[in-house]
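Visitor: Could you have a look at this structure, given as structure tokens, before my questions?
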Amino acid sequence: MKLLYLCYFSLREPLVETQVLAYLRQLAGDGYHVWFITFEPGWPDSWTDTEKQATQARLAADGITWVALKYHKRPSLPATMWDIAVGAWTARRIASREGILVFHGRAHVASAMGALARWRKPQKLIFDIRGFNPEEYVDAGRWKAGGLKFRLMKAAERVIMQVANGFVILTDAGRQIMFPTAIADKETGAWNLPDGRPIEVIPCCVDTAGFQKASTISRQEAKQNLGLSDKRIVAYVGALGGWYMTSDMVKAWSIAKRQVPSSFALIFTQSPKANLIQSLIDAGLQENTDFLVQKVAPSELPALLRAADIALSFIQPSYSKISSSPTKLAEYLAAGCVVVSTRDIGDCNAQLNENNVGVLLDNMNENTIGQAIQKAFEIASDPDIETRCRATVDHLFDLKTVGGKRYKRLYNRLLKPSSV
């Protein structure tokens with residue numbers, strides 16, 4: 001069984017390792033041969049021959065054949081249209097040569113490539129909806145509602161929705177908007193459109209193996225390993241700026257410090273950190289004494305996050321974020337951390353409330369943030385909290401038993417002889 005996965009990101013993006021390759025390895029381990037197309041800035045000069053060969057060999061050992069194409073950034077619209085055309089042509093050529101059965105497009109742009117590649121061809125197409133992409137650009141202030149780019153992407157979305165044979169969406173809240181007529185299979189929890197096309201709700205999951213290994217030491221031991229044994233730690237993992245409410249997180253760390261002087265901000269980010277460090281200093285915190293900001297590899301995160309008591313997920317609520325599933329939520333819970341989150345981000349309201357593993361913020365004033373931090377530490381003091389957090393991950397976010405299982409189920413349903 002052969003599939004081709006299209007991804008309009010660079011292989012070097014951390015999310016590709018945790019949210020793409022992790023799933024592809026699950027499929028490859030189940031007997032699928034996977035071709036994987038990414039778009040690399042500056043390709044081929046941005047990669048040395050040694051890096052290319054080592055990466056291809058590493059992925060080949062996992063049953064994945066990697067194909068890199070050059071990413072074009074400017075001018076924005078023509079560059080993207082060019083990349084779509086090149087991606088579609090490349091996918092079509094590989095499919096004809098290798099006998100590919102399925103094109104799997106990650107989000108709108110890659111799915112547009114897949115839709116073009118299968119034109120008048122027998123391959124099936126999965127539209128992996130990674131969020132309400134057109135609305136995200138509007139909510140972020142990068143596009144105008146009703147502008148040319150928005151209208152073009154919405155038109156592409158309508159076509160892809162018509163021609164796709166199966167769908168993935170990140171949240172049940174998003175599923176209700178995108179697929180209001182979907183019918184549930186009460187026995188399996190899967191969904192189908194009235195015409196029989198399959199849908200799977202698959203949140204951003206996490207490989208729990210590293211977190212399970214990290215949990216063999218106590219939280220206090222993890223703090224000692226970082227030289228933070230006398231601290232109560234408020235962590236953050238992820239990007240800064242944009243959707244991620246950096247100034248409000250600085251406010252939260254400052255409030256935590258005023259509440260309890262031993263509070264410490266432990267921050268892991270791939271984003272440039274100079275502005276954040278200055279903001280923390282301006283808020284009265286001292287580097288190394290009150291906070292640490294560093295870049296870490298995904299493989300290092302479980303052991304480091306093990307030291308945290310609670311963690312922040314401050315994402316600006318908006319219409320488009322109904323469809324979002326923050327990876328950090330799964331990572332925090334896998335580490336046994338209580339989560340303080342803004343409300344109405346994907347399915348997080350129910351995920352945190354029903355399992356009593358987090359606190360939701362209705363607004364970002366100091367009093368509300370302060371109360372939320374206090375409540376989060378109260379929950380974190382519960383002797384059963386780590387068990388509860390990990391049970392939540394096992395039920396909702398485990399890569400193998402949730403994400404991988406549902407992807408495999410979608411492929412099995414899609415490739416049945418009677419599938420649409």
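All residue names refer to the structure tokens as shown: chains lettered A, B, ... in order, residues numbered from 1 in each chain, ligands numbered from 1 in order.
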What's around Thr38 (chain A) at 7 Å? Count only C-alpha atoms, leave out sequence neighbours fewer than 2 positions away in its own chain, and write the answer as a ChimeraX atom specification.
Guide: /A:6-11,36,40,67-69
Visitor: What parts of region 231-414 of chain A does DSSP call strand (DSSP E or B)? I'd like the answer as a ChimeraX atom specification.
Guide: /A:232-237,241,244,263-268,287,291-294,310-313,315,338-342,358-361,398
Visitor: Could you pull out all residues of region 59-225 of chain A with a DSSP call of helix (DSSP H, G or I) and give them as a PyMOL selection string?
Guide: chain A and resi 59-61+76-98+107-117+133-139+148-163+172-178+209-214+219-225
Visitor: Residues within 6 Å of region 303-312 of chain A, please, as a PyMOL selection string. Count only C-alpha atoms; anything in the same chain fewer than 4 positions from it doesn't count.
Guide: chain A and resi 214+219+222-223+233-236+335+337-340
Visitor: Let me see the file: selected residues, C-alpha atoms, as a PDB file, in the first residue's frame.
Guide:
ATOM      1  CA  ALA A 214      11.062  11.216  32.036  1.00  0.00           C
ATOM      2  CA  ARG A 219       9.294  16.308  39.721  1.00  0.00           C
ATOM      3  CA  ALA A 222      13.838  17.010  37.754  1.00  0.00           C
ATOM      4  CA  LYS A 223      14.003  20.421  39.409  1.00  0.00           C
ATOM      5  CA  ILE A 233       7.804  26.469  38.049  1.00  0.00           C
ATOM      6  CA  VAL A 234       5.421  27.997  35.507  1.00  0.00           C
ATOM      7  CA  ALA A 235       6.414  26.715  32.056  1.00  0.00           C
ATOM      8  CA  TYR A 236       5.719  27.620  28.453  1.00  0.00           C
ATOM      9  CA  ALA A 335       4.507  15.839  31.500  1.00  0.00           C
ATOM     10  CA  CYS A 337       1.503  19.639  34.252  1.00  0.00           C
ATOM     11  CA  VAL A 338      -1.690  21.493  35.092  1.00  0.00           C
ATOM     12  CA  VAL A 339      -2.617  23.817  32.203  1.00  0.00           C
ATOM     13  CA  VAL A 340      -3.720  27.451  32.376  1.00  0.00           C
TER      14      VAL A 340
END
Visitor: Nearest to Ser323 (chain A) among A:Thr289, A:Gln294, A:Asn133, A:Ser263, with distances taken over only C-alpha atoms: which residue is it?
Guide: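 Under the stated criterion, the closest residue is A:Asn133.
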Visitor: Please report the interatomic distance between CA of Leu414 (chain A) and CA of Lys2 (chain A) in Å with one decimal.
Guide: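 Calculated distance between CA of Leu414 (chain A) and CA of Lys2 (chain A) is 12.9 Å.
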Visitor: Could you name the residues that touch Lys251 (chain A) at 12 Å or less, counting only C-alpha atoms, but leaving out those on the same chain fewer than 3 positions away, as a ChimeraX atom specification?
Guide: /A:245-248,254-258,265,276,279-285,312,314,364-370,373
